[in-house]
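Student: The following file, my_file-v9.cif, comprises mmCIF, C-alpha atoms:
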```cif
data_model
loop_
_atom_site.label_atom_id
_atom_site.label_comp_id
_atom_site.auth_asym_id
_atom_site.auth_seq_id
_atom_site.Cartn_x
_atom_site.Cartn_y
_atom_site.Cartn_z
CA MET A 272 14.17 18.88 17.26
CA THR A 273 15.95 19.96 14.10
CA VAL A 274 14.41 22.85 12.21
CA ASN A 275 14.99 23.53 8.51
CA ASN A 276 16.74 20.19 7.97
CA GLN A 277 16.34 20.19 4.16
CA PHE A 278 17.00 16.45 3.74
CA ARG A 279 20.34 16.44 5.59
CA HIS A 280 21.53 13.10 6.97
CA GLN A 281 22.02 12.22 10.62
CA PRO A 282 25.63 11.86 11.88
CA TYR A 283 27.29 8.76 13.37
CA PRO A 284 27.20 8.66 16.31
CA THR A 285 24.19 10.83 17.04
CA LEU A 286 23.68 13.22 19.91
CA PRO A 287 19.97 12.89 20.78
CA GLN A 288 18.33 16.24 21.50
CA ILE A 289 15.96 14.60 24.00
CA THR A 290 17.48 12.30 26.62
CA PRO A 291 16.64 8.65 25.77
CA THR A 292 14.80 6.52 28.33
CA ARG A 293 15.19 2.83 29.15
CA HIS A 294 12.43 0.32 29.94
CA LEU A 295 12.10 -3.39 30.70
CA LEU A 296 9.04 -4.53 28.80
CA ARG A 297 6.75 -7.34 29.91
CA VAL A 298 4.34 -9.00 27.54
CA ASP A 299 1.36 -8.23 29.79
CA PRO A 300 1.09 -4.44 30.21
CA GLY A 301 -1.62 -4.77 32.85
CA SER A 302 -4.70 -2.56 32.88
CA VAL A 303 -4.34 0.14 30.23
CA LYS A 304 -6.94 2.49 28.76
CA PHE A 305 -5.94 2.15 25.12
CA ASN A 306 -8.83 4.33 23.97
CA ARG A 307 -6.97 7.43 25.16
CA LEU A 308 -5.01 7.29 21.89
CA HIS A 309 -8.16 8.90 20.53
CA THR A 310 -9.76 10.56 23.55
CA ARG A 311 -6.62 12.20 24.95
CA HIS A 312 -4.30 12.48 21.95
CA GLY A 313 -6.80 13.11 19.18
CA VAL A 314 -5.62 10.31 16.88
CA GLN A 315 -8.29 9.73 14.22
CA HIS A 316 -6.32 7.45 11.88
CA VAL A 317 -3.46 4.98 12.29
CA VAL A 318 -1.53 4.06 9.15
CA VAL A 319 0.62 0.93 9.57
CA VAL A 320 3.63 0.64 7.25
CA PRO A 321 5.85 -2.47 6.93
CA GLY A 322 9.61 -2.15 6.56
CA THR A 323 12.21 -3.21 4.01
CA PHE A 324 11.76 -6.55 2.25
CA ALA A 325 8.20 -6.77 3.52
CA GLY A 326 6.66 -5.10 0.51
CA LYS A 327 5.09 -6.29 -2.70
CA ASP A 328 8.30 -6.25 -4.81
CA PRO A 329 11.31 -6.68 -2.50
CA PHE A 330 13.59 -8.08 -5.21
CA ASN A 331 12.56 -5.61 -7.94
CA ILE A 332 11.19 -8.33 -10.23
CA ALA A 333 7.99 -6.46 -11.04
CA GLY A 334 9.89 -3.18 -11.31
CA THR A 335 12.24 -4.67 -13.88
CA LEU A 336 9.34 -5.98 -15.95
CA ARG A 337 7.70 -2.57 -15.87
CA ALA A 338 10.82 -1.09 -17.41
CA VAL A 339 9.54 -2.61 -20.67
CA PRO A 340 7.40 0.06 -22.39
CA LYS A 341 3.71 -0.67 -21.91
CA HIS A 342 2.83 0.52 -25.40
CA LEU A 343 4.91 -2.13 -27.20
CA PRO A 344 2.67 -4.10 -29.58
CA LEU A 345 1.40 -7.48 -28.33
CA ILE A 346 3.73 -7.88 -25.33
CA GLY A 347 3.75 -4.57 -23.44
CA THR A 348 0.40 -4.87 -21.69
CA LYS A 349 0.93 -8.59 -20.98
CA ILE A 350 4.26 -7.90 -19.27
CA HIS A 351 2.77 -5.16 -17.11
CA ASN A 352 -0.15 -7.45 -16.19
CA ALA A 353 2.37 -10.13 -15.23
CA ALA A 354 4.16 -7.59 -13.01
CA ASP A 355 0.86 -6.86 -11.23
CA ARG A 356 0.32 -10.59 -10.57
CA ILE A 357 3.87 -11.03 -9.31
CA GLU A 358 3.44 -8.21 -6.81
CA LYS A 359 0.19 -9.67 -5.52
CA LYS A 360 1.60 -13.18 -5.17
CA THR A 361 4.83 -11.98 -3.56
CA GLN A 362 2.92 -10.18 -0.80
CA GLU A 363 0.70 -13.25 -0.23
CA VAL A 364 3.69 -15.58 0.03
CA PHE A 365 5.56 -13.21 2.35
CA ASP A 366 2.53 -12.89 4.62
CA ASN A 367 2.02 -16.67 4.76
CA VAL A 368 5.68 -17.49 5.45
CA THR A 369 6.64 -14.78 7.91
CA ALA A 370 3.25 -14.18 9.55
CA ASP A 371 3.78 -11.35 12.05
CA THR A 372 7.54 -11.76 12.55
CA GLY A 373 9.17 -8.77 10.89
CA ASN A 374 6.02 -8.00 8.91
CA TYR A 375 2.74 -6.20 9.57
CA THR A 376 -0.30 -8.27 8.64
CA VAL A 377 -4.01 -7.60 8.34
CA ALA A 378 -4.42 -9.47 11.64
CA PHE A 379 -2.05 -6.94 13.25
CA THR A 380 -4.17 -3.99 12.13
CA GLN A 381 -7.35 -5.73 13.27
CA ARG A 382 -5.86 -6.42 16.69
CA LEU A 383 -4.63 -2.83 17.03
CA GLU A 384 -8.05 -1.47 16.12
CA GLU A 385 -9.63 -3.86 18.63
CA LEU A 386 -7.32 -2.63 21.40
CA VAL A 387 -8.23 1.03 20.79
CA GLY A 388 -11.95 0.20 20.66
CA GLY A 389 -12.48 0.87 16.96
CA ASP A 390 -11.49 4.52 17.19
CA PRO A 391 -9.16 5.53 15.57
CA THR A 392 -9.43 3.54 12.36
CA VAL A 393 -6.38 1.40 11.65
CA THR A 394 -5.26 0.51 8.12
CA LEU A 395 -2.26 -0.89 6.31
CA LEU A 396 -0.84 1.56 3.79
CA ASP A 397 -2.54 0.74 0.49
CA PRO A 398 -1.12 0.54 -2.06
CA ALA A 399 1.95 -0.69 -0.23
CA TRP A 400 5.45 0.50 -1.04
CA THR A 401 7.98 -1.81 -2.73
CA GLY A 402 10.03 -2.46 0.41
CA GLN A 403 13.25 -2.26 -1.60
CA ASN A 404 16.42 -1.27 0.22
CA HIS A 405 17.55 1.95 -1.47
CA HIS A 406 17.07 5.71 -1.41
CA PHE A 407 14.49 6.02 -4.15
CA ALA A 408 12.23 3.32 -2.67
CA ARG A 409 12.10 5.23 0.61
CA ALA A 410 11.58 8.53 -1.22
CA ASP A 411 8.72 6.88 -3.11
CA LEU A 412 7.23 5.77 0.22
CA ALA A 413 7.38 9.34 1.54
CA VAL A 414 5.56 10.61 -1.55
CA ARG A 415 2.94 7.84 -1.30
CA LEU A 416 2.32 8.82 2.32
CA LEU A 417 2.02 12.50 1.48
CA SER A 418 -0.50 11.75 -1.25
CA HIS A 419 -2.42 9.48 1.16
CA LEU A 420 -2.52 12.12 3.91
CA ASP A 421 -3.62 14.74 1.42
CA GLY A 422 -6.82 12.74 0.98
CA LEU A 423 -7.78 12.81 4.68
CA ASP A 424 -9.89 15.41 6.46
CA PHE A 425 -8.65 16.90 9.74
CA SER A 426 -10.19 19.15 12.34
CA PRO A 427 -7.72 21.38 14.24
CA ARG A 428 -7.00 18.82 17.01
CA ASP A 429 -6.93 15.68 14.85
CA GLN A 430 -3.81 13.55 14.46
CA VAL A 431 -2.84 10.69 12.17
CA LEU A 432 -0.41 8.21 13.72
CA LEU A 433 2.13 6.69 11.34
CA TRP A 434 3.22 3.33 12.78
CA GLY A 435 6.25 1.99 10.92
CA HIS A 436 8.82 -0.77 11.15
CA SER A 437 12.46 -0.64 10.05
CA HIS A 438 13.12 1.54 6.96
CA ALA A 439 9.48 2.59 6.86
CA GLY A 440 10.62 5.00 9.58
CA ASN A 441 13.15 6.49 7.18
CA GLY A 442 10.30 7.04 4.75
CA PHE A 443 8.64 8.98 7.58
CA ALA A 444 11.83 11.03 8.01
CA LEU A 445 11.75 12.04 4.36
CA LEU A 446 8.05 12.84 4.72
CA SER A 447 8.88 15.28 7.54
CA ASN A 448 11.29 17.07 5.20
CA LEU A 449 8.63 17.17 2.48
CA LEU A 450 5.99 18.57 4.83
CA ALA A 451 8.42 21.21 6.12
CA ASN A 452 8.07 22.38 2.52
CA HIS A 453 11.28 24.37 2.20
CA ARG A 454 10.85 25.54 -1.37
CA GLU A 455 14.44 25.18 -2.61
CA SER A 456 14.98 21.70 -1.19
CA ILE A 457 11.54 20.52 -2.38
CA GLN A 458 12.35 21.63 -5.90
CA GLN A 459 15.69 19.83 -5.70
CA PHE A 460 14.02 16.67 -4.38
CA PHE A 461 11.63 16.39 -7.32
CA GLU A 462 14.37 17.24 -9.80
CA VAL A 463 16.75 14.50 -8.62
CA CYS A 464 13.90 11.96 -8.43
CA GLY A 465 13.13 12.64 -12.08
CA HIS A 466 9.49 13.69 -11.62
CA PRO A 467 7.97 10.18 -11.92
CA GLU A 468 4.67 10.15 -13.77
CA GLN A 469 2.64 8.23 -11.19
CA LYS A 470 -0.47 10.07 -10.04
CA TYR A 471 0.57 10.13 -6.39
CA TRP A 472 3.84 11.87 -7.30
CA ARG A 473 1.97 14.53 -9.24
CA ARG A 474 -0.52 14.95 -6.39
CA ALA A 475 2.24 15.29 -3.78
CA GLN A 476 4.17 17.84 -5.79
CA ARG A 477 1.02 19.84 -6.49
CA THR A 478 -0.05 19.98 -2.82
CA LEU A 479 3.43 21.14 -1.78
CA MET A 480 3.66 23.80 -4.45
CA THR A 481 0.18 25.18 -3.73
CA ASN A 482 0.42 25.35 0.07
CA ARG A 483 2.41 27.37 2.56
CA SER A 484 5.58 26.34 4.36
CA PRO A 485 5.36 24.24 6.42
CA HIS A 486 2.50 22.36 4.82
CA PRO A 487 -0.72 22.49 6.93
CA LEU A 488 -0.67 18.68 7.22
CA ALA A 489 2.54 18.78 9.28
CA LYS A 490 0.79 19.70 12.53
CA HIS A 491 -1.48 16.64 12.18
CA VAL A 492 1.25 13.97 11.85
CA THR A 493 2.58 11.91 14.76
CA ALA A 494 4.98 9.06 14.01
CA VAL A 495 6.23 6.04 15.94
CA THR A 496 9.03 3.92 14.52
CA PHE A 497 10.12 0.44 15.54
CA GLY A 498 13.68 -0.71 14.84
CA THR A 499 14.35 2.09 12.35
CA PRO A 500 18.06 2.35 11.44
CA VAL A 501 19.61 5.79 11.86
CA ARG A 502 19.64 7.33 8.39
CA TYR A 503 17.89 10.47 7.15
CA GLY A 504 17.42 13.52 9.35
CA TRP A 505 14.03 14.73 10.55
CA ASP A 506 12.55 18.22 10.29
CA SER A 507 10.45 19.34 13.26
CA ASN A 508 8.57 21.77 11.04
CA GLY A 509 7.18 18.78 9.15
CA ILE A 510 5.91 16.63 12.03
CA HIS A 511 4.00 17.12 15.28
CA GLN A 512 5.48 14.40 17.52
CA LEU A 513 8.03 11.64 16.99
CA TYR A 514 8.82 8.45 18.94
CA HIS A 515 11.34 5.66 18.33
CA ILE A 516 11.00 2.28 20.06
CA LEU A 517 14.39 0.52 19.90
CA PHE A 518 15.35 -2.93 21.18
CA ASP A 519 18.58 -2.55 23.16
CA ARG A 520 19.93 -4.82 25.86
CA GLY A 521 23.10 -5.89 27.60
CA THR A 522 23.74 -2.74 29.66
CA ASP A 523 22.86 -1.71 33.18
CA ASP A 524 23.86 1.90 32.55
CA PRO A 525 20.73 4.03 31.98
CA ALA A 526 22.91 6.75 30.40
CA GLN A 527 24.32 4.42 27.73
CA ILE A 528 22.80 5.40 24.37
CA THR A 529 24.99 3.38 21.98
CA THR A 530 25.09 -0.36 21.44
CA THR A 531 27.96 -2.79 21.03
CA PRO A 532 29.69 -2.02 17.71
CA VAL A 533 28.48 -4.07 14.74
CA PHE A 534 32.07 -4.27 13.45
CA PRO A 535 33.76 -6.64 13.81
CA PRO A 536 30.72 -8.94 13.62
CA MET A 537 30.27 -11.57 16.34
CA PRO A 538 28.08 -14.41 14.97
CA ASN A 539 26.70 -15.54 18.32
CA ASP A 540 25.74 -11.98 19.26
CA ILE A 541 23.94 -11.60 15.93
CA LEU A 542 22.01 -14.88 16.11
CA ASN A 543 21.03 -14.46 19.74
CA ALA A 544 20.31 -10.72 19.61
CA THR A 545 22.70 -10.44 22.53
CA ASN A 546 22.73 -6.66 22.37
CA GLY A 547 19.23 -6.16 20.99
CA ASP A 548 18.15 -5.37 17.44
CA TRP A 549 21.20 -6.16 15.33
CA VAL A 550 19.54 -5.24 12.03
CA GLN A 551 18.69 -1.74 13.28
CA ALA A 552 22.35 -1.08 14.14
CA PHE A 553 23.58 -2.70 10.91
CA ALA A 554 21.35 -1.13 8.23
CA ILE A 555 22.89 2.34 8.27
CA ALA A 556 24.25 4.48 5.41
CA GLY A 557 26.16 2.32 2.93
CA THR A 558 24.04 -0.83 3.17
CA ASP A 559 21.58 -0.15 0.34
CA VAL A 560 21.00 -2.70 -2.42
CA VAL A 561 20.23 -0.98 -5.73
CA PRO A 562 18.72 -3.04 -8.58
CA PRO A 563 21.51 -3.74 -11.12
CA ALA A 564 20.14 -1.70 -13.99
CA PRO A 565 21.42 1.64 -15.38
CA GLY A 566 18.18 3.52 -14.63
CA PRO A 567 17.86 2.71 -10.90
CA ILE A 568 21.61 3.05 -10.33
CA GLU A 569 21.75 6.53 -11.88
CA ARG A 570 18.57 7.66 -10.14
CA ASN A 571 19.89 6.52 -6.76
CA ARG A 572 23.23 8.21 -7.42
CA ARG A 573 21.45 11.53 -7.99
CA ILE A 574 19.19 11.28 -4.97
CA ALA A 575 22.09 10.14 -2.77
CA GLU A 576 23.78 13.49 -3.37
CA LEU A 577 20.76 15.14 -1.75
CA LEU A 578 20.04 12.65 1.02
CA LEU A 579 23.66 12.09 2.14
CA GLN A 580 24.51 15.78 2.40
CA GLY A 581 26.04 16.65 5.74
CA LEU A 582 27.29 13.09 6.35
CA LYS A 583 30.98 13.51 7.14
CA ALA A 584 33.73 10.98 6.56
CA PRO A 585 34.22 8.93 9.75
CA LYS A 586 37.42 8.68 11.74
CA LEU A 587 39.39 5.59 10.79
CA THR A 588 41.14 3.36 13.29
CA THR A 589 43.83 0.72 12.84
CA ASP A 590 41.35 -2.07 12.08
CA THR A 591 39.44 -0.02 9.49
CA ARG A 592 42.21 2.01 7.83
CA LEU A 593 43.55 -0.96 5.85
CA ILE A 594 40.19 -2.20 4.56
CA PRO A 595 40.10 -1.98 0.75
CA PHE A 596 37.64 0.40 -0.94
CA GLU A 597 36.68 3.68 0.68
CA HIS A 598 32.98 2.81 0.77
CA LEU A 599 33.63 -0.31 2.86
CA ARG A 600 36.17 1.45 5.09
CA PHE A 601 33.68 4.18 5.92
CA LEU A 602 30.86 1.68 6.49
CA CYS A 603 32.91 -0.39 8.94
CA ALA A 604 34.03 2.76 10.76
CA ARG A 605 30.41 3.85 11.14
CA TRP A 606 29.42 0.40 12.38
CA LYS A 607 32.06 0.79 15.09
CA THR A 608 30.19 3.78 16.54
CA GLY A 609 27.39 1.48 17.72
CA THR A 610 24.80 4.12 16.81
CA ARG A 611 21.39 3.17 18.20
CA CYS A 612 19.47 6.40 18.90
CA HIS A 613 18.13 9.05 16.54
CA THR A 614 19.07 12.71 16.83
CA ASP A 615 15.43 13.83 16.87
CA GLY A 616 12.36 12.57 18.69
CA HIS A 617 11.90 10.47 21.83
CA ASN A 618 14.24 7.44 21.82
CA ILE A 619 12.64 4.72 23.93
CA LEU A 620 15.16 1.92 24.55
CA VAL A 621 13.53 -1.36 25.53
CA ASP A 622 14.70 -4.75 26.72
CA TYR A 623 12.20 -7.61 26.67
CA GLN A 624 11.40 -9.99 29.48
CA LEU A 625 11.21 -13.23 27.49
CA SER A 626 7.72 -14.52 26.83
CA ASP A 627 6.80 -18.14 26.15
CA ALA A 628 6.40 -17.52 22.41
CA THR A 629 8.85 -19.05 19.94
CA THR A 630 9.50 -19.05 16.21
CA SER A 631 11.67 -21.70 14.56
CA GLU A 632 12.31 -23.04 18.08
CA ARG A 633 13.84 -19.74 19.23
CA PRO A 634 12.37 -17.10 21.54
CA ILE A 635 10.32 -14.69 19.47
CA GLU A 636 12.28 -11.82 20.99
CA PHE A 637 15.40 -13.07 19.13
CA SER A 638 13.65 -13.47 15.78
CA VAL A 639 15.28 -11.91 12.71
CA PHE A 640 18.33 -11.04 14.85
CA GLY A 641 16.16 -9.04 17.25
CA HIS A 642 14.42 -7.15 14.44
CA GLY A 643 11.23 -9.23 14.22
CA VAL A 644 9.74 -8.80 17.70
CA ALA A 645 8.54 -5.28 16.93
CA THR A 646 5.78 -6.48 14.60
CA THR A 647 4.48 -9.45 16.55
CA LEU A 648 0.90 -9.67 17.79
CA LYS A 649 2.21 -11.06 21.07
CA TRP A 650 3.99 -7.82 21.96
CA LEU A 651 1.53 -5.36 20.40
CA PRO A 652 -0.36 -4.50 23.63
CA ALA A 653 2.90 -3.84 25.48
CA HIS A 654 4.23 -1.66 22.65
CA LEU A 655 1.02 0.35 22.49
CA ALA A 656 0.96 0.81 26.27
CA LEU A 657 4.58 1.99 26.21
CA LEU A 658 3.84 4.47 23.43
CA LEU A 659 0.83 5.87 25.27
CA LYS A 660 2.86 6.27 28.46
CA ARG A 661 5.45 8.31 26.59
CA MET A 662 2.80 10.33 24.73
CA ASP A 663 1.11 11.18 28.03
CA LEU A 664 4.37 12.77 29.20
CA THR A 665 4.96 14.77 26.02
CA PRO A 666 3.86 18.43 26.00
CA THR A 667 1.21 18.96 23.34
CA GLY A 668 1.96 22.61 22.63
#
```
Could you write out this file's structure as structure tokens?
Tutor:
Amino acid sequence: MTVNNQFRHQPYPTLPQITPTRHLLRVDPGSVKFNRLHTRHGVQHVVVVPGTFAGKDPFNIAGTLRAVPKHLPLIGTKIHNAADRIEKKTQEVFDNVTADTGNYTVAFTQRLEELVGGDPTVTLLDPAWTGQNHHFARADLAVRLLSHLDGLDFSPRDQVLLWGHSHAGNGFALLSNLLANHRESIQQFFEVCGHPEQKYWRRAQRTLMTNRSPHPLAKHVTAVTFGTPVRYGWDSNGIHQLYHILFDRGTDDPAQITTTPVFPPMPNDILNATNGDWVQAFAIAGTDVVPPAPGPIERNRRIAELLLQGLKAPKLTTDTRLIPFEHLRFLCARWKTGTRCHTDGHNILVDYQLSDATTSERPIEFSVFGHGVATTLKWLPAHLALLLKRMDLTPTG
């Protein structure tokens, strides 16, 4: 894996450092000893983290309200209280509407803890991150996670397993760069983020500045991502083990590590998840949605200079060279690479044998353009069994 990454971005296409593997997944994994997550791999805690647009403020409504100074006479406190209520209601509505399709629920964590026999403990990240689709939101998630981990106790063998969907995995990537604790890049990170005043930001910065490099927590962190788009690079000094479970189908070639290009888009392929998780291949660099306010736009511009370093301009072809606006030209050219796998970690490419479960009269495996199956209760046992199989084969030294 990459050492001394210092927040550099992954390229398109990637060249995985560990050869990806392919699997056909069945909903019934058979007889599996799930308790070995703890007994064999030393996992004491599992922290489950939803992805983009599954948070408490996906459309930045509460964030916009909080831009109003809290100390304003009469209205400041009321507006901030309203923002708190909006966040709470948004999460409740999202949970009720989507259930476990593209979203991690309390029922998911309860089922996961039941499968592993109550050890390790399994929790949803609390407080949750905003789920917004931009650089600072994911940086904020990484800092929240660091502050959360800093409050846990570990013996030498103990591990915490971060279990994340979609862009939560990119928050994990930034966390690995934070825990690598390269002094110069850490200082730059906090400078471009503007040193937010939230307690968890202050705690994270303090623990990094007062500990060695890499941070002692790094050796206790294992991460598994589901449907995470290829974005930020990982730093092996900041993480113990890393696994990516990626829905990919439509090929009989075990050596094929890319997917069908997202550009030009084919509507039937998108709707039917013909080639697997379309969202994971789509949501690469250039697809962020920044709240339309001067503060967030400027903050994301500054942090983008750090997080997009090393990302080279793509080669243009006839069908992309004439597209107006450089940003869109580059995005379409990167979509054409069909990038599916991450440079670092174990890329586990899966195709699903269709189950009998449906959502909106469609197979659950096709839900949210192939992006929703990763969070479903139906497929949780099979996903956990697959992860354990791969972990069993990974050297622990």
Student: Would you mind listing what lies within 8 Å of Asn546 (chain A) as a PyMOL selection string, with all atoms listed in the file counted and same-chain residues fewer than 5 positions away left out?
Tutor: chain A and resi 519-521+530-531+540
Student: Using the chain letters and numbers from this file, what does the PyMOL selection byres ((chain A and resi 396) around 7) select? Give the answer as a VMD selection string.
Tutor: chain A and resid 318 to 320 394 to 395 397 to 399
Student: Show me the residues around (13.0, 19.2, 5.0) - criterion: an atom at most 7 Å away, only C-alpha atoms counted - as a compact mmCIF listing (two decimals) with C-alpha atoms, in the coordinates of the input.
Tutor:
```txt
# COMPACT_ATOMS: atom_id res chain seq x y z
CA ASN A 275 14.99 23.53 8.51
CA ASN A 276 16.74 20.19 7.97
CA GLN A 277 16.34 20.19 4.16
CA PHE A 278 17.00 16.45 3.74
CA SER A 447 8.88 15.28 7.54
CA ASN A 448 11.29 17.07 5.20
CA LEU A 449 8.63 17.17 2.48
CA ALA A 451 8.42 21.21 6.12
CA ASN A 452 8.07 22.38 2.52
CA HIS A 453 11.28 24.37 2.20
CA SER A 456 14.98 21.70 -1.19
CA ASP A 506 12.55 18.22 10.29
```
Student: Hey, what's within 12 Å of Pro666 (chain A) if we count all atoms listed in the file and toss same-chain stuff fewer than 6 positions away? As a list in words, please?
Tutor: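 Within the cut-off, the hits are His312, His511 and Gln512 of chain A.
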Student: Those selected residues, please, written with C-alpha atoms and delivered as a PDB file, in the frame of the given file.
Tutor:
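In the end it all went to again_2.pdb:
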```
ATOM      1  CA  HIS A 312      -4.300  12.480  21.950  1.00  0.00           C
ATOM      2  CA  HIS A 511       4.000  17.120  15.280  1.00  0.00           C
ATOM      3  CA  GLN A 512       5.480  14.400  17.520  1.00  0.00           C
TER       4      GLN A 512
END
```
Student: Please give the centre and size of the box around region 470-477 of chain A (axis-aligned, containing every atom listed in the file, 3 Å added per side), with values in Å to one decimal and written as lines of an AutoDock Vina configuration file.
Tutor:
```
center_x = 1.8
center_y = 15.0
center_z = -6.9
size_x = 10.7
size_y = 15.8
size_z = 12.3
```
Student: Using the chain letters and numbers from the file, which residues does the PyMOL selection byres ((chain A and resi 466-474) around 10) grab, as a list in words?
Tutor: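 Taken over the shown coordinates, the PyMOL selection byres ((chain A and resi 466-474) around 10) returns Asp411, Ala413, Val414, Arg415, Leu416, Leu417, Ser418, His419, Asp421, Gly422, Phe460, Phe461, Glu462, Val463, Cys464, Gly465, Ala475, Gln476, Arg477, Thr478, Leu479 and Met480 of chain A.
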Student: Exactly which residues make up the result of the PyMOL selection byres ((chain A and resi 586-597) around 12) on this file, given as a VMD selection string?
Tutor: chain A and resid 283 to 284 534 to 535 557 583 to 585 598 to 608
Student: Kindly give the distance, in Å, that separates CA of Ala564 (chain A) and CA of Ala408 (chain A), rounded to a single decimal.
Tutor: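 Computing the Euclidean distance for CA of Ala564 (chain A) and CA of Ala408 (chain A) yields 14.7 Å.
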Student: With distances taken over only C-alpha atoms, which of A:Arg502, A:His654, A:Arg428, A:Lys304 is nearest to Lys490 (chain A)?
Tutor: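 Answer, going by the shortest atom-to-atom distance: A:Arg428.
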Student: Which of these residues is nearest to His613 (chain A), using all atoms listed in the file: A:Val387, A:Leu450, A:Ile510, A:Ile528?
Tutor: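 Closest candidate: A:Ile528.
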Student: Skipping near chain neighbours, those fewer than 5 positions away, what residues fall within 8 Å of Trp650 (chain A) using only C-alpha atoms, listed as a VMD selection string?
Tutor: chain A and resid 298 644 to 645
Student: Find the distance between CA of His438 (chain A) and CA of Pro500 (chain A) and write it in Å to one decimal.
Tutor: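 CA of His438 (chain A) sits 6.7 Å away from CA of Pro500 (chain A).
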Student: To one decimal place in Å, what is the distance between CA of Thr499 (chain A) and CA of Gln624 (chain A)?
Tutor: 21.2 Å
Student: Residues around (12.6, -2.0, 13.7), cut-off 10 Å, counting only C-alpha atoms - what are they as a ChimeraX atom specification?
Tutor: /A:321-323,373,435-440,496-500,515-518,548-552,641-646
Student: If we count only C-alpha atoms and set the cut-off at 9 Å, which residues sit around Thr273 (chain A), ignoring sequence neighbours fewer than 2 positions away in its own chain? Please answer as a PyMOL selection string.
Tutor: chain A and resi 275-276+288+504-508+614-615
Student: Export, as a PDB file, keeping the file's coordinate frame, the selected residues with C-alpha atoms.
Tutor:
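Final file, part-v3.pdb:
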```
ATOM      1  CA  ASN A 275      14.990  23.530   8.510  1.00  0.00           C
ATOM      2  CA  ASN A 276      16.740  20.190   7.970  1.00  0.00           C
ATOM      3  CA  GLN A 288      18.330  16.240  21.500  1.00  0.00           C
ATOM      4  CA  GLY A 504      17.420  13.520   9.350  1.00  0.00           C
ATOM      5  CA  TRP A 505      14.030  14.730  10.550  1.00  0.00           C
ATOM      6  CA  ASP A 506      12.550  18.220  10.290  1.00  0.00           C
ATOM      7  CA  SER A 507      10.450  19.340  13.260  1.00  0.00           C
ATOM      8  CA  ASN A 508       8.570  21.770  11.040  1.00  0.00           C
ATOM      9  CA  THR A 614      19.070  12.710  16.830  1.00  0.00           C
ATOM     10  CA  ASP A 615      15.430  13.830  16.870  1.00  0.00           C
TER      11      ASP A 615
END
```
Student: Counting only C-alpha atoms, which residue out of A:Leu383, A:Ala554, A:Leu577, A:Leu657 sits closest to Ile619 (chain A)?
Tutor: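 Among A:Leu383, A:Ala554, A:Leu577, A:Leu657, it is A:Leu657 that comes nearest to Ile619 (chain A).
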Student: Out of A:Glu576, A:Glu636, A:Asp627, A:Asp424, which residue has the shortest atom-to-atom distance to Arg279 (chain A) when counting only C-alpha atoms?
Tutor: A:Glu576
Student: Can you tell me which residues surround His316 (chain A) at a distance of at most 8 Å, considering all atoms listed in the file, apart from same-chain residues fewer than 3 positions away, and format the answer as a PyMOL selection string?
Tutor: chain A and resi 390-394+430-432
